[in-house]
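Participant: The structure's right below; bear with me while I get my questions together.
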Amino acid sequence: VGKVDDEVDPATSRRAVVVGGGTMGAGIAQVLLGAGAEVVLVEASPEAAATARDRVVGAVQRAAASGRPNAPLVEILHRFTAQGDFSFDGPVDLVIEAVPEHIPLKKDVLVRAVAACPGALLATNTSSLSIDKLAGELVDPSILIGLHFFNPVPASSLIEIVIGARTGPETIVRAREWTRRMDKESIEVRDSPGFATSRLGLALGLEAIRMLESGVASASDIDRGMLLGYKHPVGPLELTDRVGLDVRLAIAQHLESELGPRFSPPRLLADLVAAGHIGRKSGRGFFEWDDEGRRCG
Ligand SMILES: NC(=O)c1ccc[n+]([C@@H]2O[C@H](COP(=O)([O-])OP(=O)(O)OC[C@H]3O[C@@H](n4cnc5c(N)ncnc54)[C@H](O)[C@@H]3O)[C@@H](O)[C@H]2O)c1
């Protein structure tokens, strides 16, 4: 990925639009508010906007109670609105879409965002879809870039910047600048299946499942090996439980079709999904989980 001189226009507007206020969009809105931006959250309807607004306000209040960020709550919330349509007064500098992982939906949202926010940097939080494909309907595909956040967004320090074949140099510079404003670290990755993080994380997860399948060690000992030996914060099997075995199976199938049989899902993974044991959300995966989402076995 080519490097570009980082020049930032100091007059750049700090107005950001987040489309989709679910798990990721709400977290992104919270982080943008913490970075001093004026944030407009766009949801599918006024009712969904009200729900998303409560989610963000609750998270901002909890964070403020523990001193993060160090700004008066009333000032932060003054910069935040949530609405059910794409109507804005004044310029917008950044649009991040965080709607569900569905190509036609994302394409539609991106086209509408460009029409409503001329001149804005356009970013997608997709975790697996091709940036080049998502740019397919845009008149100017150079303005689209991937900003892949991690869950939970406020607690994670990484943004994976995904650069499409037609992403422009100015877009990359603006994406880096917004990453810095949000106080995140970034890695830059060329648009490719699974980007860097999903691809490598999945490779480790699938190998751990194959090892369990062939009786190399118990699930607990495989994970403890990575925790204690490699200082991973969470083991590959517990992480698979947390993400959802169904989600990881779908990503493995996608990467197998794009990158070949090394991503072929292990039999054990497919069997557990077929049996409904899809991890934390079902109470059982490689480990047992209680109703509050805590590991209990
Ligand atoms: N959940 C994760 O751990 C995670 C991590 C990284 C990236 N992602 C990616 O982030 C994106 C969102 O995932 P999520 O987990 O936040 O999903 P989610 O289902 O929690 O939230 C999606 C939100 O989008 C809203 N929405 C749907 N259609 C809309 C429309 N037309 N206009 C405006 N809003 C609309 C929904 O009402 C919902 O609130 C996906 O692309 C996903 O792959 C998710």
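FYI, nothing fancy with the structure tokens labels: chains A, B, ... in order, residues from 1 per chain, ligands from 1 as they appear.
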DSSP on the backbone, then: every residue of region 119-247 of chain A marked alpha helix (DSSP H), written as a ChimeraX atom specification.
Facilitator: /A:131-134,169-181,197-213,219-224,230,236-243,245-247
Participant: I need the strand (DSSP E or B) residues of region 144-290 of chain A per DSSP on the backbone, written as a PyMOL selection string.
Facilitator: chain A and resi 144-149+158-163+185-190+279+284+288-289
Participant: Using N, CA, C and O atoms, can you write the selected residues to a file as a PDB file, in the first residue's frame?
Facilitator:
ATOM      1  N   LEU A 144     -14.390   6.367  -1.421  1.00  0.00           N
ATOM      2  CA  LEU A 144     -14.760   5.297  -0.474  1.00  0.00           C
ATOM      3  C   LEU A 144     -13.530   4.572   0.082  1.00  0.00           C
ATOM      4  O   LEU A 144     -12.608   4.232  -0.652  1.00  0.00           O
ATOM      5  N   ILE A 145     -13.574   4.317   1.386  1.00  0.00           N
ATOM      6  CA  ILE A 145     -12.483   3.588   2.059  1.00  0.00           C
ATOM      7  C   ILE A 145     -13.109   2.713   3.147  1.00  0.00           C
ATOM      8  O   ILE A 145     -14.214   2.993   3.611  1.00  0.00           O
ATOM      9  N   GLY A 146     -12.419   1.670   3.559  1.00  0.00           N
ATOM     10  CA  GLY A 146     -12.884   0.862   4.676  1.00  0.00           C
ATOM     11  C   GLY A 146     -12.279   1.381   5.981  1.00  0.00           C
ATOM     12  O   GLY A 146     -11.068   1.596   6.061  1.00  0.00           O
ATOM     13  N   LEU A 147     -13.132   1.622   6.971  1.00  0.00           N
ATOM     14  CA  LEU A 147     -12.641   1.881   8.339  1.00  0.00           C
ATOM     15  C   LEU A 147     -13.240   0.765   9.182  1.00  0.00           C
ATOM     16  O   LEU A 147     -14.403   0.830   9.584  1.00  0.00           O
ATOM     17  N   HIS A 148     -12.469  -0.281   9.385  1.00  0.00           N
ATOM     18  CA  HIS A 148     -12.944  -1.486  10.081  1.00  0.00           C
ATOM     19  C   HIS A 148     -12.635  -1.349  11.566  1.00  0.00           C
ATOM     20  O   HIS A 148     -11.485  -1.499  11.986  1.00  0.00           O
ATOM     21  N   PHE A 149     -13.685  -1.051  12.332  1.00  0.00           N
ATOM     22  CA  PHE A 149     -13.561  -0.906  13.789  1.00  0.00           C
ATOM     23  C   PHE A 149     -13.728  -2.277  14.442  1.00  0.00           C
ATOM     24  O   PHE A 149     -14.273  -3.208  13.856  1.00  0.00           O
ATOM     25  N   LEU A 158      -7.706  -0.355  17.788  1.00  0.00           N
ATOM     26  CA  LEU A 158      -7.351  -0.528  16.359  1.00  0.00           C
ATOM     27  C   LEU A 158      -8.465  -0.125  15.410  1.00  0.00           C
ATOM     28  O   LEU A 158      -9.642  -0.412  15.637  1.00  0.00           O
ATOM     29  N   ILE A 159      -8.057   0.514  14.302  1.00  0.00           N
ATOM     30  CA  ILE A 159      -8.916   0.635  13.121  1.00  0.00           C
ATOM     31  C   ILE A 159      -8.110   0.077  11.946  1.00  0.00           C
ATOM     32  O   ILE A 159      -6.962   0.478  11.722  1.00  0.00           O
ATOM     33  N   GLU A 160      -8.709  -0.875  11.246  1.00  0.00           N
ATOM     34  CA  GLU A 160      -8.067  -1.414  10.038  1.00  0.00           C
ATOM     35  C   GLU A 160      -8.546  -0.550   8.869  1.00  0.00           C
ATOM     36  O   GLU A 160      -9.742  -0.539   8.550  1.00  0.00           O
ATOM     37  N   ILE A 161      -7.614   0.178   8.257  1.00  0.00           N
ATOM     38  CA  ILE A 161      -7.974   1.022   7.107  1.00  0.00           C
ATOM     39  C   ILE A 161      -7.843   0.162   5.856  1.00  0.00           C
ATOM     40  O   ILE A 161      -6.760  -0.353   5.561  1.00  0.00           O
ATOM     41  N   VAL A 162      -8.959  -0.026   5.147  1.00  0.00           N
ATOM     42  CA  VAL A 162      -8.950  -0.921   3.982  1.00  0.00           C
ATOM     43  C   VAL A 162      -9.036  -0.072   2.710  1.00  0.00           C
ATOM     44  O   VAL A 162      -9.989   0.692   2.519  1.00  0.00           O
ATOM     45  N   ILE A 163      -8.015  -0.216   1.874  1.00  0.00           N
ATOM     46  CA  ILE A 163      -7.850   0.647   0.718  1.00  0.00           C
ATOM     47  C   ILE A 163      -8.240  -0.104  -0.547  1.00  0.00           C
ATOM     48  O   ILE A 163      -7.613  -1.111  -0.911  1.00  0.00           O
ATOM     49  N   GLU A 185      -5.142   3.598  16.841  1.00  0.00           N
ATOM     50  CA  GLU A 185      -4.012   3.181  16.001  1.00  0.00           C
ATOM     51  C   GLU A 185      -4.601   2.591  14.728  1.00  0.00           C
ATOM     52  O   GLU A 185      -5.717   2.067  14.743  1.00  0.00           O
ATOM     53  N   SER A 186      -3.842   2.643  13.635  1.00  0.00           N
ATOM     54  CA  SER A 186      -4.378   2.031  12.420  1.00  0.00           C
ATOM     55  C   SER A 186      -3.351   1.148  11.739  1.00  0.00           C
ATOM     56  O   SER A 186      -2.141   1.327  11.900  1.00  0.00           O
ATOM     57  N   ILE A 187      -3.863   0.173  11.020  1.00  0.00           N
ATOM     58  CA  ILE A 187      -3.029  -0.561  10.068  1.00  0.00           C
ATOM     59  C   ILE A 187      -3.686  -0.346   8.710  1.00  0.00           C
ATOM     60  O   ILE A 187      -4.887  -0.106   8.623  1.00  0.00           O
ATOM     61  N   GLU A 188      -2.875  -0.406   7.642  1.00  0.00           N
ATOM     62  CA  GLU A 188      -3.422  -0.167   6.304  1.00  0.00           C
ATOM     63  C   GLU A 188      -3.316  -1.432   5.478  1.00  0.00           C
ATOM     64  O   GLU A 188      -2.262  -2.079   5.428  1.00  0.00           O
ATOM     65  N   VAL A 189      -4.422  -1.796   4.867  1.00  0.00           N
ATOM     66  CA  VAL A 189      -4.529  -3.092   4.216  1.00  0.00           C
ATOM     67  C   VAL A 189      -5.167  -2.907   2.839  1.00  0.00           C
ATOM     68  O   VAL A 189      -6.119  -2.141   2.702  1.00  0.00           O
ATOM     69  N   ARG A 190      -4.650  -3.606   1.854  1.00  0.00           N
ATOM     70  CA  ARG A 190      -5.271  -3.573   0.528  1.00  0.00           C
ATOM     71  C   ARG A 190      -6.563  -4.381   0.563  1.00  0.00           C
ATOM     72  O   ARG A 190      -6.645  -5.408   1.248  1.00  0.00           O
ATOM     73  N   GLY A 279     -22.166 -20.905  20.387  1.00  0.00           N
ATOM     74  CA  GLY A 279     -21.305 -20.095  21.251  1.00  0.00           C
ATOM     75  C   GLY A 279     -22.067 -19.347  22.319  1.00  0.00           C
ATOM     76  O   GLY A 279     -23.138 -19.773  22.762  1.00  0.00           O
ATOM     77  N   ARG A 284     -23.848 -22.409  24.579  1.00  0.00           N
ATOM     78  CA  ARG A 284     -22.850 -23.474  24.435  1.00  0.00           C
ATOM     79  C   ARG A 284     -22.163 -23.398  23.077  1.00  0.00           C
ATOM     80  O   ARG A 284     -22.801 -23.150  22.055  1.00  0.00           O
ATOM     81  N   GLU A 288     -19.165 -23.516  27.982  1.00  0.00           N
ATOM     82  CA  GLU A 288     -20.535 -23.248  28.436  1.00  0.00           C
ATOM     83  C   GLU A 288     -20.628 -21.782  28.872  1.00  0.00           C
ATOM     84  O   GLU A 288     -19.671 -21.234  29.437  1.00  0.00           O
ATOM     85  N   TRP A 289     -21.811 -21.163  28.637  1.00  0.00           N
ATOM     86  CA  TRP A 289     -22.032 -19.741  28.950  1.00  0.00           C
ATOM     87  C   TRP A 289     -23.340 -19.588  29.706  1.00  0.00           C
ATOM     88  O   TRP A 289     -24.333 -20.239  29.361  1.00  0.00           O
TER      89      TRP A 289
END
Participant: Residues of region 75-157 of chain A that have any atom at most 12 Å from an atom of region 13-37 of chain A: could you tabulate them with the shortest-distance atom pair and the distance in Å to one decimal, using only C-alpha atoms, ordered by chain and increasing number, as a tab-separated table?
Facilitator:
residue	atom	partner	partner_atom	distance
A:Glu75	CA	A:Gly36	CA	9.6
A:Ile76	CA	A:Leu33	CA	6.3
A:Leu77	CA	A:Leu33	CA	8.1
A:His78	CA	A:Leu33	CA	9.8
A:Arg79	CA	A:Ala37	CA	7.2
A:Phe80	CA	A:Leu33	CA	7.4
A:Thr81	CA	A:Val17	CA	9.7
A:Ala82	CA	A:Gly21	CA	8.8
A:Gln83	CA	A:Val19	CA	9.8
A:Gly84	CA	A:Val19	CA	9.7
A:Asp85	CA	A:Val19	CA	9.6
A:Phe86	CA	A:Val19	CA	9.1
A:Ser87	CA	A:Val17	CA	10.7
A:Phe88	CA	A:Val17	CA	9.4
A:Asp89	CA	A:Arg15	CA	10.6
A:Gly90	CA	A:Arg15	CA	9.0
A:Pro91	CA	A:Ser13	CA	7.2
A:Val92	CA	A:Arg15	CA	5.0
A:Asp93	CA	A:Arg15	CA	5.5
A:Leu94	CA	A:Ala16	CA	4.7
A:Val95	CA	A:Val17	CA	4.7
A:Ile96	CA	A:Val18	CA	4.9
A:Glu97	CA	A:Val19	CA	4.6
A:Ala98	CA	A:Gly20	CA	5.0
A:Val99	CA	A:Gly20	CA	4.7
A:Pro100	CA	A:Gly20	CA	8.1
A:Glu101	CA	A:Gly20	CA	11.3
A:Leu105	CA	A:Gly20	CA	11.2
A:Lys106	CA	A:Val19	CA	9.9
A:Asp108	CA	A:Val19	CA	11.6
A:Val109	CA	A:Val19	CA	7.9
A:Leu110	CA	A:Val19	CA	9.3
A:Arg112	CA	A:Val19	CA	10.6
A:Ala113	CA	A:Val19	CA	8.6
A:Val114	CA	A:Val17	CA	11.4
A:Ala116	CA	A:Val17	CA	10.4
A:Cys117	CA	A:Val17	CA	8.9
A:Gly119	CA	A:Ser13	CA	10.7
A:Ala120	CA	A:Ala16	CA	8.8
A:Leu121	CA	A:Ala16	CA	9.4
A:Leu122	CA	A:Val17	CA	9.7
A:Ala123	CA	A:Val18	CA	9.5
A:Thr124	CA	A:Val19	CA	9.5
A:Asn125	CA	A:Met24	CA	8.3
A:Thr126	CA	A:Met24	CA	10.2
A:Ser127	CA	A:Met24	CA	10.9
A:Leu147	CA	A:Ile28	CA	10.5
A:His148	CA	A:Met24	CA	9.9
A:Phe149	CA	A:Met24	CA	7.7
A:Phe150	CA	A:Met24	CA	8.0
A:Asn151	CA	A:Met24	CA	6.8
A:Pro152	CA	A:Gly27	CA	6.9
A:Val153	CA	A:Gly27	CA	5.1
A:Pro154	CA	A:Val31	CA	5.9
A:Ala155	CA	A:Gly27	CA	9.3
A:Ser156	CA	A:Gly27	CA	10.3
A:Ser157	CA	A:Val31	CA	11.0
Participant: Between CA of Leu73 (chain A) and CA of Val60 (chain A), what distance in Å does the model show, to one decimal?
Facilitator: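 Pair CA of Leu73 (chain A) / CA of Val60 (chain A) returns 7.8 Å.
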Participant: List the neighbours of Glu207 (chain A) out to 10 Å using only C-alpha atoms; skip same-chain residues closer than 2 positions along the sequence, and give me the result as a PDB file with N, CA, C and O atoms, in the first residue's frame.
Facilitator:
ATOM      1  N   LEU A 202      -9.033 -15.767  11.782  1.00  0.00           N
ATOM      2  CA  LEU A 202      -9.782 -16.969  11.444  1.00  0.00           C
ATOM      3  C   LEU A 202      -8.841 -18.162  11.248  1.00  0.00           C
ATOM      4  O   LEU A 202      -9.151 -19.285  11.654  1.00  0.00           O
ATOM      5  N   ALA A 203      -7.678 -17.908  10.621  1.00  0.00           N
ATOM      6  CA  ALA A 203      -6.722 -19.003  10.395  1.00  0.00           C
ATOM      7  C   ALA A 203      -6.358 -19.660  11.729  1.00  0.00           C
ATOM      8  O   ALA A 203      -6.326 -20.895  11.852  1.00  0.00           O
ATOM      9  N   LEU A 204      -6.113 -18.836  12.750  1.00  0.00           N
ATOM     10  CA  LEU A 204      -5.760 -19.365  14.072  1.00  0.00           C
ATOM     11  C   LEU A 204      -6.946 -20.123  14.676  1.00  0.00           C
ATOM     12  O   LEU A 204      -6.780 -21.222  15.224  1.00  0.00           O
ATOM     13  N   GLY A 205      -8.138 -19.532  14.540  1.00  0.00           N
ATOM     14  CA  GLY A 205      -9.336 -20.167  15.098  1.00  0.00           C
ATOM     15  C   GLY A 205      -9.602 -21.519  14.451  1.00  0.00           C
ATOM     16  O   GLY A 205      -9.902 -22.502  15.153  1.00  0.00           O
ATOM     17  N   ILE A 209      -9.555 -25.372  16.158  1.00  0.00           N
ATOM     18  CA  ILE A 209     -10.685 -26.318  16.083  1.00  0.00           C
ATOM     19  C   ILE A 209     -10.200 -27.662  15.521  1.00  0.00           C
ATOM     20  O   ILE A 209     -10.572 -28.733  16.028  1.00  0.00           O
ATOM     21  N   ARG A 210      -9.338 -27.616  14.520  1.00  0.00           N
ATOM     22  CA  ARG A 210      -8.813 -28.886  13.962  1.00  0.00           C
ATOM     23  C   ARG A 210      -8.011 -29.639  15.022  1.00  0.00           C
ATOM     24  O   ARG A 210      -8.057 -30.866  15.097  1.00  0.00           O
ATOM     25  N   MET A 211      -7.262 -28.905  15.837  1.00  0.00           N
ATOM     26  CA  MET A 211      -6.472 -29.548  16.896  1.00  0.00           C
ATOM     27  C   MET A 211      -7.388 -30.194  17.935  1.00  0.00           C
ATOM     28  O   MET A 211      -7.127 -31.309  18.403  1.00  0.00           O
ATOM     29  N   LEU A 212      -8.466 -29.514  18.277  1.00  0.00           N
ATOM     30  CA  LEU A 212      -9.429 -30.077  19.228  1.00  0.00           C
ATOM     31  C   LEU A 212     -10.070 -31.334  18.635  1.00  0.00           C
ATOM     32  O   LEU A 212     -10.189 -32.371  19.315  1.00  0.00           O
ATOM     33  N   GLU A 213     -10.402 -31.230  17.372  1.00  0.00           N
ATOM     34  CA  GLU A 213     -11.056 -32.332  16.647  1.00  0.00           C
ATOM     35  C   GLU A 213     -10.175 -33.585  16.642  1.00  0.00           C
ATOM     36  O   GLU A 213     -10.663 -34.705  16.797  1.00  0.00           O
ATOM     37  N   PRO A 236      -8.221 -18.689  21.092  1.00  0.00           N
ATOM     38  CA  PRO A 236      -8.908 -18.761  19.789  1.00  0.00           C
ATOM     39  C   PRO A 236     -10.260 -19.470  19.856  1.00  0.00           C
ATOM     40  O   PRO A 236     -11.163 -19.124  19.092  1.00  0.00           O
ATOM     41  N   LEU A 237     -10.435 -20.422  20.791  1.00  0.00           N
ATOM     42  CA  LEU A 237     -11.724 -21.118  20.873  1.00  0.00           C
ATOM     43  C   LEU A 237     -12.749 -20.268  21.637  1.00  0.00           C
ATOM     44  O   LEU A 237     -13.902 -20.168  21.224  1.00  0.00           O
ATOM     45  N   ARG A 262      -7.407 -23.966   2.268  1.00  0.00           N
ATOM     46  CA  ARG A 262      -6.829 -23.810   3.616  1.00  0.00           C
ATOM     47  C   ARG A 262      -7.829 -23.172   4.576  1.00  0.00           C
ATOM     48  O   ARG A 262      -7.648 -23.226   5.785  1.00  0.00           O
ATOM     49  N   PHE A 263      -8.875 -22.539   4.042  1.00  0.00           N
ATOM     50  CA  PHE A 263      -9.913 -21.978   4.910  1.00  0.00           C
ATOM     51  C   PHE A 263     -11.160 -22.854   4.988  1.00  0.00           C
ATOM     52  O   PHE A 263     -12.189 -22.439   5.501  1.00  0.00           O
ATOM     53  N   PRO A 265     -13.877 -25.049   6.345  1.00  0.00           N
ATOM     54  CA  PRO A 265     -14.269 -25.170   7.751  1.00  0.00           C
ATOM     55  C   PRO A 265     -14.125 -26.597   8.262  1.00  0.00           C
ATOM     56  O   PRO A 265     -14.530 -27.539   7.578  1.00  0.00           O
ATOM     57  N   PRO A 266     -13.564 -26.785   9.469  1.00  0.00           N
ATOM     58  CA  PRO A 266     -13.461 -28.123  10.041  1.00  0.00           C
ATOM     59  C   PRO A 266     -14.852 -28.732  10.262  1.00  0.00           C
ATOM     60  O   PRO A 266     -15.804 -28.001  10.525  1.00  0.00           O
TER      61      PRO A 266
END
Participant: When you count only C-alpha atoms, which of these residues is closest to Gly244 (chain A): A:Gly276, A:Pro46, A:Pro169, A:Pro193?
Facilitator: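 Result for the nearest residue to Gly244 (chain A): A:Gly276.
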Participant: Applying 8 Å and only C-alpha atoms, which residues near Gly285 (chain A) remain after dropping the ones on its own chain fewer than 4 positions away? List them as a list in words.
Facilitator: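 With the cut-off at 8 Å, the set is Asp241, Leu245, Leu272, His277, Ile278, Gly279 and Arg280 of chain A.
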Participant: For the selection you just gave me, I'd like the residues written to a file as an mmCIF file, in the first residue's frame, keeping N, CA and C atoms.
Facilitator:
data_model
loop_
_atom_site.group_PDB
_atom_site.id
_atom_site.type_symbol
_atom_site.label_atom_id
_atom_site.label_comp_id
_atom_site.auth_asym_id
_atom_site.auth_seq_id
_atom_site.Cartn_x
_atom_site.Cartn_y
_atom_site.Cartn_z
ATOM 1 N N ASP A 241 -16.325 -18.694 20.300
ATOM 2 C CA ASP A 241 -17.589 -18.700 21.050
ATOM 3 C C ASP A 241 -18.173 -17.291 21.148
ATOM 4 N N LEU A 245 -20.152 -19.168 16.453
ATOM 5 C CA LEU A 245 -19.639 -20.199 15.543
ATOM 6 C C LEU A 245 -20.274 -20.055 14.162
ATOM 7 N N LEU A 272 -21.212 -28.450 15.118
ATOM 8 C CA LEU A 272 -21.699 -27.674 16.272
ATOM 9 C C LEU A 272 -22.739 -26.650 15.827
ATOM 10 N N HIS A 277 -25.257 -25.217 18.598
ATOM 11 C CA HIS A 277 -24.286 -24.795 19.621
ATOM 12 C C HIS A 277 -23.376 -23.743 19.013
ATOM 13 N N ILE A 278 -23.880 -22.498 18.990
ATOM 14 C CA ILE A 278 -23.157 -21.475 18.240
ATOM 15 C C ILE A 278 -22.383 -20.507 19.131
ATOM 16 N N GLY A 279 -22.166 -20.905 20.387
ATOM 17 C CA GLY A 279 -21.305 -20.095 21.251
ATOM 18 C C GLY A 279 -22.067 -19.347 22.319
ATOM 19 N N ARG A 280 -21.516 -18.214 22.733
ATOM 20 C CA ARG A 280 -22.052 -17.481 23.885
ATOM 21 C C ARG A 280 -23.541 -17.193 23.737
#
Participant: When distances are computed from only C-alpha atoms, which of A:Arg68, A:Ile143, A:Ser218, A:Gly136 shows the smallest separation from Ile172 (chain A)?
Facilitator: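 Ranked by minimum distance to Ile172 (chain A), first place goes to A:Ile143.
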Participant: CA of Phe195 (chain A) and atom 28 (N, counted along the ligand's line) of ligand 1 are how many Å apart?
Facilitator: 23.6 Å
Participant: In Å, rounded to a single decimal, give me how far CA of Thr167 (chain A) is from CA of Asp132 (chain A).
Facilitator: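 Here the two named atoms are 8.5 Å from each other.
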Participant: Tell me, as an NGL selection string, which residues lie within 12 Å of Ala250 (chain A), counting only C-alpha atoms; anything in the same chain fewer than 2 positions away does not count.
Facilitator: :A and (101 or 128 or 194 or 198 or 202 or 243-248 or 252-257 or 263-265 or 269-270 or 273 or 278)
Participant: I need the residues from that last selection saved to file as a PDB file, in the first residue's frame (with C-alpha atoms), if you can.
Facilitator:
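Written output follows (result-v1.pdb):
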ATOM      1  CA  GLU A 101     -23.482  -6.909   6.218  1.00  0.00           C
ATOM      2  CA  SER A 128     -15.729  -8.840   5.112  1.00  0.00           C
ATOM      3  CA  GLY A 194     -10.926 -11.059   5.077  1.00  0.00           C
ATOM      4  CA  SER A 198     -10.351 -11.373   9.923  1.00  0.00           C
ATOM      5  CA  LEU A 202      -9.782 -16.969  11.444  1.00  0.00           C
ATOM      6  CA  VAL A 243     -17.985 -14.028  17.885  1.00  0.00           C
ATOM      7  CA  GLY A 244     -20.447 -16.844  17.198  1.00  0.00           C
ATOM      8  CA  LEU A 245     -19.639 -20.199  15.543  1.00  0.00           C
ATOM      9  CA  ASP A 246     -22.232 -19.421  12.858  1.00  0.00           C
ATOM     10  CA  VAL A 247     -20.527 -16.108  12.033  1.00  0.00           C
ATOM     11  CA  ARG A 248     -17.099 -17.731  11.858  1.00  0.00           C
ATOM     12  CA  ALA A 252     -14.641 -19.465   6.623  1.00  0.00           C
ATOM     13  CA  GLN A 253     -16.908 -20.465   3.738  1.00  0.00           C
ATOM     14  CA  HIS A 254     -16.427 -17.035   2.149  1.00  0.00           C
ATOM     15  CA  LEU A 255     -12.622 -17.201   2.508  1.00  0.00           C
ATOM     16  CA  GLU A 256     -12.544 -20.810   1.263  1.00  0.00           C
ATOM     17  CA  SER A 257     -14.323 -19.691  -1.922  1.00  0.00           C
ATOM     18  CA  PHE A 263      -9.913 -21.978   4.910  1.00  0.00           C
ATOM     19  CA  SER A 264     -12.172 -25.003   4.543  1.00  0.00           C
ATOM     20  CA  PRO A 265     -14.269 -25.170   7.751  1.00  0.00           C
ATOM     21  CA  LEU A 269     -17.367 -26.413  13.455  1.00  0.00           C
ATOM     22  CA  ALA A 270     -20.080 -27.308  10.929  1.00  0.00           C
ATOM     23  CA  VAL A 273     -23.468 -25.020  14.183  1.00  0.00           C
ATOM     24  CA  ILE A 278     -23.157 -21.475  18.240  1.00  0.00           C
TER      25      ILE A 278
END
Participant: From the set A:Arg294, A:Arg181, A:Arg242, A:Arg199, which residue has the shortest atom-to-atom contact distance to ligand 1, counting only C-alpha atoms and all ligand atoms?
Facilitator: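 Closest candidate: A:Arg242.
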Participant: Between A:Ser282, A:Ala64, A:Ala135, A:Thr197, which residue has the minimum interatomic distance to ligand 1, considering only C-alpha atoms and all ligand atoms?
Facilitator: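 With only C-alpha atoms and all ligand atoms as the atom set, the closest residue is A:Thr197.
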Participant: Which of these residues is nearest to ligand 1, using only C-alpha atoms and all ligand atoms: A:Met226, A:Ala165, A:Ile251, A:Ala219?
Facilitator: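 Checking each candidate against ligand 1, we get A:Ile251 as the closest.
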